[in-house]
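Student: One structure coming up, written as structure tokens, with questions to follow.
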Amino acid sequence: LQPLGMQNTGYRLTDLLTAKVAMGFSAVYQEGDTAEPGRWYGVGAIDPVGGLSSTARDMLRWARFTSGGRDDAGNEILDNASRELLRELRYPGAEGAFTGLTWYTRDAKSPSGPIRLMWHGGSMRFQQSRLVIAPERNVAIVLLTNSERGSEMIDRVQEVALRAYLGIEEERPGTIAGSRDALAPYAGRYTAALTDYTLTLDGDDLLLRASRNRAMPEEEIGPEVPPSRLALTTQPDLLLALDPPFENEQAEFLREDGEIAWLRIGHRVHRRVIGVG
């Protein structure tokens, strides 16, 4: 951090004793409820998930280093070959994106041609963030929020910023009407290390519910997340969430031997463990 001039960035409270740290707040889903302040975690084992506290200006220094490979004094630390490795489209993932070396990557459409994007989020319960870099265009977008529901705003601001600065129009699959019989095969429970998703039929609607199955050390589980309807789209086995807080989230179902076996949502895969009628 020091060679890059990131003076307002650190992992521990002692690194930032004099900094103006934004307190995080819990989610609110019901009218009349109040957002509760959240504590600082400071647990070293989970620092890679979101333990680094920083500022927009410092994160832009990191983006500049990632794009150009030089420290604050102009010395090259990361050579061009290494930078190219970070930008590669390595392993196909969700929504036309790829998983690269610690980054998600994709080529976004723009009037001037494809633009390589690399991005990643940082997340603790009360803080949500994202860094998006277009290294070949020398553009970076830093999004920092201090709310458990911050990712909803991040998605919207990112969409506006990509359109304004790079001419990128985000594409979403069109939804189509689906009968109960057409939606029924997707019902079930899907599990991963931190979150379970349960999909149930309610009349002609398929409802998506999320629940945390593991808390961070000393963390209290937050308020119950309201369900979201899922709609069929023009792409097979790809459904679109219609309601907050999952609005516009794409749920992709992966098959093994013709049977639905996995749900991929938020760039994570969840194994199907039980069918629910």
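In the structure tokens, the first chain shown is A, the next is B, and so on; residue numbers restart at 1 for each chain, and ligands run from 1 in the order shown.
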How would you write, as JSON, numbers by chain, the set of residues in range 49-276 of chain A that DSSP gives as strand (DSSP E or B)?
Tutor: {"A": [53, 70, 76, 91, 92, 98, 99, 104, 105, 106, 107, 108, 115, 116, 117, 118, 119, 120, 121, 122, 123, 124, 127, 128, 129, 130, 131, 132, 133, 134, 139, 140, 141, 142, 143, 144, 145, 147, 175, 176, 188, 189, 190, 191, 195, 196, 197, 198, 199, 200, 201, 202, 205, 206, 207, 208, 209, 210, 211, 212, 228, 229, 230, 231, 232, 233, 238, 239, 240, 241, 250, 251, 252, 253, 254, 255, 256, 259, 260, 261, 262, 263, 264, 265, 268, 269, 270, 271, 272, 273, 274]}
Student: Here is a test: counting only C-alpha atoms, which residue of A:Arg268, A:Thr234, A:Leu206, A:Asp155 is nearest to Leu194 in chain A?
Tutor: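 Nearest candidate to Leu194 in chain A out of A:Arg268, A:Thr234, A:Leu206, A:Asp155: A:Arg268.
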Student: In Å, how far is it from CA of Met23 in chain A to CA of Gly150 in chain A?
Tutor: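 Distance reported for this atom pair: 12.9 Å.
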Student: Can you work out which one of A:Thr145, A:Gln128, A:Thr55, A:Ser112 has the shortest atom-to-atom distance to Gly167 in chain A, counting only C-alpha atoms?
Tutor: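 Of A:Thr145, A:Gln128, A:Thr55, A:Ser112, the one nearest Gly167 in chain A is A:Ser112, counting only C-alpha atoms.
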Student: Please provide the set of residues having any atom within 6 Å of range 222-230 of chain A, restricted to only C-alpha atoms, with same-chain residues fewer than 5 positions apart removed, written as a ChimeraX atom specification.
Tutor: /A:206-209,239-243
Student: Store the residues of this selection in a file with N, CA and C atoms, as a tab-separated table (two decimals), in the first residue's frame.
Tutor:
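File produced: selection_19.tsv:
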```
chain	number	residue	atom	x	y	z
A	206	LEU	N	-42.92	-18.21	-8.95
A	206	LEU	CA	-41.78	-18.90	-8.38
A	206	LEU	C	-41.03	-17.90	-7.52
A	207	LEU	N	-40.96	-18.15	-6.21
A	207	LEU	CA	-40.37	-17.21	-5.27
A	207	LEU	C	-38.98	-17.66	-4.87
A	208	LEU	N	-38.05	-16.70	-4.89
A	208	LEU	CA	-36.67	-16.92	-4.47
A	208	LEU	C	-36.48	-16.35	-3.07
A	209	ARG	N	-36.01	-17.18	-2.16
A	209	ARG	CA	-35.69	-16.73	-0.80
A	209	ARG	C	-34.24	-17.07	-0.50
A	239	LEU	N	-33.30	-17.36	-15.43
A	239	LEU	CA	-34.44	-16.65	-14.89
A	239	LEU	C	-33.99	-15.29	-14.35
A	240	LEU	N	-34.92	-14.36	-14.28
A	240	LEU	CA	-34.60	-12.99	-13.86
A	240	LEU	C	-35.45	-12.63	-12.65
A	241	ALA	N	-34.79	-12.09	-11.59
A	241	ALA	CA	-35.51	-11.66	-10.40
A	241	ALA	C	-36.22	-10.34	-10.67
A	242	LEU	N	-37.44	-10.22	-10.17
A	242	LEU	CA	-38.28	-9.06	-10.48
A	242	LEU	C	-38.41	-8.07	-9.33
A	243	ASP	N	-38.08	-8.47	-8.11
A	243	ASP	CA	-38.36	-7.65	-6.94
A	243	ASP	C	-37.10	-7.38	-6.12
```
Student: I want to know what sits within 10 Å of Pro37 in chain A, based on only C-alpha atoms, with residues of the same chain fewer than 3 positions away left out; could you give that as number ranges by chain?
Tutor: A: 23-27, 34, 40, 126, 146-147
Student: Name the closest residue to Pro245 in chain A among the candidates A:Tyr197, A:Tyr11, A:Tyr29, A:Tyr190; distances are taken between atoms, counting only C-alpha atoms.
Tutor: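 Ranking A:Tyr197, A:Tyr11, A:Tyr29, A:Tyr190 by distance to Pro245 in chain A, first place goes to A:Tyr29.
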Student: Find the residues near range 117-125 of chain A: any atom within 7 Å, counting only C-alpha atoms, skip ones fewer than 6 places away on the same chain, and give them as a ChimeraX atom specification.
Tutor: /A:49-50,87,103-108,131-134,148
Student: Could the residues in this selection be saved with all heavy atoms as a tab-separated table (two decimals), in the first residue's frame?
Tutor:
```tsv
chain	number	residue	atom	x	y	z
A	49	VAL	N	-11.88	-11.16	2.03
A	49	VAL	CA	-13.27	-11.00	1.63
A	49	VAL	C	-13.67	-9.52	1.59
A	49	VAL	O	-14.40	-9.09	0.70
A	49	VAL	CB	-14.20	-11.76	2.60
A	49	VAL	CG1	-15.66	-11.53	2.25
A	49	VAL	CG2	-13.86	-13.24	2.58
A	50	GLY	N	-13.20	-8.76	2.55
A	50	GLY	CA	-13.58	-7.35	2.60
A	50	GLY	C	-13.01	-6.66	3.81
A	50	GLY	O	-13.63	-5.76	4.38
A	87	ARG	N	-6.04	-9.57	-17.01
A	87	ARG	CA	-7.16	-9.15	-17.85
A	87	ARG	C	-7.74	-10.29	-18.67
A	87	ARG	O	-8.74	-10.11	-19.36
A	87	ARG	CB	-6.68	-8.05	-18.81
A	87	ARG	CG	-6.06	-6.86	-18.10
A	87	ARG	CD	-5.43	-5.91	-19.10
A	87	ARG	NE	-4.66	-4.88	-18.44
A	87	ARG	CZ	-3.98	-3.92	-19.07
A	87	ARG	NH1	-3.97	-3.89	-20.39
A	87	ARG	NH2	-3.30	-3.02	-18.40
A	103	TRP	N	-9.85	-11.66	-10.61
A	103	TRP	CA	-10.81	-10.70	-11.17
A	103	TRP	C	-11.88	-11.43	-11.97
A	103	TRP	O	-11.61	-12.48	-12.56
A	103	TRP	CB	-10.11	-9.71	-12.12
A	103	TRP	CG	-9.13	-8.79	-11.47
A	103	TRP	CD1	-7.79	-8.99	-11.33
A	103	TRP	CD2	-9.41	-7.53	-10.87
A	103	TRP	NE1	-7.21	-7.93	-10.69
A	103	TRP	CE2	-8.19	-7.02	-10.39
A	103	TRP	CE3	-10.57	-6.77	-10.71
A	103	TRP	CZ2	-8.09	-5.78	-9.75
A	103	TRP	CZ3	-10.47	-5.54	-10.06
A	103	TRP	CH2	-9.25	-5.06	-9.59
A	104	TYR	N	-13.06	-10.84	-12.02
A	104	TYR	CA	-14.03	-11.20	-13.05
A	104	TYR	C	-13.70	-10.35	-14.28
A	104	TYR	O	-13.33	-9.17	-14.15
A	104	TYR	CB	-15.47	-10.91	-12.60
A	104	TYR	CG	-15.88	-11.71	-11.39
A	104	TYR	CD1	-16.23	-11.08	-10.19
A	104	TYR	CD2	-15.95	-13.10	-11.45
A	104	TYR	CE1	-16.62	-11.81	-9.09
A	104	TYR	CE2	-16.34	-13.84	-10.34
A	104	TYR	CZ	-16.67	-13.19	-9.17
A	104	TYR	OH	-17.05	-13.92	-8.07
A	105	THR	N	-13.84	-10.93	-15.45
A	105	THR	CA	-13.52	-10.21	-16.67
A	105	THR	C	-14.59	-10.46	-17.73
A	105	THR	O	-15.25	-11.50	-17.73
A	105	THR	CB	-12.14	-10.64	-17.23
A	105	THR	OG1	-12.15	-12.07	-17.42
A	105	THR	CG2	-11.01	-10.27	-16.29
A	106	ARG	N	-14.74	-9.52	-18.63
A	106	ARG	CA	-15.64	-9.71	-19.78
A	106	ARG	C	-15.37	-8.62	-20.80
A	106	ARG	O	-14.78	-7.58	-20.48
A	106	ARG	CB	-17.11	-9.69	-19.37
A	106	ARG	CG	-17.67	-8.32	-18.94
A	106	ARG	CD	-19.12	-8.45	-18.55
A	106	ARG	NE	-19.67	-7.23	-17.99
A	106	ARG	CZ	-20.42	-6.36	-18.66
A	106	ARG	NH1	-20.72	-6.60	-19.93
A	106	ARG	NH2	-20.90	-5.27	-18.08
A	107	ASP	N	-15.81	-8.86	-22.01
A	107	ASP	CA	-15.77	-7.85	-23.06
A	107	ASP	C	-17.16	-7.27	-23.21
A	107	ASP	O	-18.11	-7.98	-23.58
A	107	ASP	CB	-15.30	-8.47	-24.39
A	107	ASP	CG	-13.80	-8.71	-24.42
A	107	ASP	OD1	-13.08	-8.01	-23.67
A	107	ASP	OD2	-13.35	-9.59	-25.17
A	108	ALA	N	-17.30	-5.99	-22.89
A	108	ALA	CA	-18.59	-5.31	-22.98
A	108	ALA	C	-18.74	-4.63	-24.33
A	108	ALA	O	-17.77	-4.13	-24.90
A	108	ALA	CB	-18.71	-4.29	-21.85
A	131	LEU	N	-15.05	-2.42	-7.41
A	131	LEU	CA	-14.07	-1.71	-8.24
A	131	LEU	C	-14.17	-2.27	-9.65
A	131	LEU	O	-14.04	-3.47	-9.85
A	131	LEU	CB	-12.66	-1.90	-7.68
A	131	LEU	CG	-11.51	-1.33	-8.53
A	131	LEU	CD1	-11.64	0.17	-8.71
A	131	LEU	CD2	-10.16	-1.69	-7.90
A	132	VAL	N	-14.41	-1.40	-10.61
A	132	VAL	CA	-14.52	-1.78	-12.02
A	132	VAL	C	-13.45	-1.03	-12.79
A	132	VAL	O	-13.33	0.20	-12.65
A	132	VAL	CB	-15.91	-1.43	-12.61
A	132	VAL	CG1	-16.04	-1.95	-14.03
A	132	VAL	CG2	-17.02	-1.98	-11.73
A	133	ILE	N	-12.67	-1.74	-13.60
A	133	ILE	CA	-11.57	-1.11	-14.34
A	133	ILE	C	-11.69	-1.47	-15.82
A	133	ILE	O	-11.92	-2.63	-16.17
A	133	ILE	CB	-10.20	-1.57	-13.81
A	133	ILE	CG1	-10.09	-1.35	-12.30
A	133	ILE	CG2	-9.06	-0.84	-14.53
A	133	ILE	CD1	-8.81	-1.92	-11.70
A	134	ALA	N	-11.54	-0.47	-16.66
A	134	ALA	CA	-11.38	-0.67	-18.10
A	134	ALA	C	-9.94	-0.28	-18.41
A	134	ALA	O	-9.65	0.86	-18.77
A	134	ALA	CB	-12.37	0.18	-18.89
A	148	GLU	N	-25.97	-2.59	4.39
A	148	GLU	CA	-26.10	-4.01	4.06
A	148	GLU	C	-26.79	-4.21	2.71
A	148	GLU	O	-26.62	-5.24	2.07
A	148	GLU	CB	-26.89	-4.70	5.17
A	148	GLU	CG	-26.84	-6.20	5.12
A	148	GLU	CD	-27.49	-6.83	6.34
A	148	GLU	OE1	-28.03	-6.09	7.20
A	148	GLU	OE2	-27.45	-8.07	6.45
```
Student: Identify which of the residues A:Pro173, A:Gly93, A:Pro185, A:Gly100 lies closest to Gly266 in chain A, counting only C-alpha atoms when measuring atom-to-atom distances.
Tutor: A:Gly93
Student: How far is it from CA of Ile168 in chain A to CA of Leu78 in chain A, in Å with one decimal?
Tutor: 28.1 Å
Student: Go ahead and compute the interatomic distance for CA of Gly68 in chain A and CA of Arg90 in chain A, in Å to one decimal.
Tutor: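 Between CA of Gly68 in chain A and CA of Arg90 in chain A the gap is 20.9 Å.
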Student: Which residues come within 8 Å of range 253-261 of chain A, counting only C-alpha atoms, excluding same-chain residues fewer than 6 positions away, as number ranges by chain?
Tutor: A: 185-186, 237-238, 271-272
Student: I need the residue nearest Ser151 in chain A from this list: A:Pro111, A:Phe246, A:Ala193, A:Arg212. Use only C-alpha atoms for the distance.
Tutor: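 Looking at the shortest contact to Ser151 in chain A, the residue is A:Phe246.
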Student: From the options A:Ala19, A:Leu232, A:Leu162, A:Val269, which residue's atoms come nearest to Thr175 in chain A, counting only C-alpha atoms?
Tutor: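 Selected residue with least distance to Thr175 in chain A: A:Leu232.
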Student: Using the chain letters and numbers from this document, which residues of range 183-248 of chain A does DSSP assign to helix (DSSP H, G or I), as a PyMOL selection string?
Tutor: chain A and resi 183-186
Student: Might you pull out every residue within 12 Å of Gly203 in chain A, with only C-alpha atoms counted and same-chain residues fewer than 5 positions away left off, and present them as a PyMOL selection string?
Tutor: chain A and resi 178-181+183-184+229+277
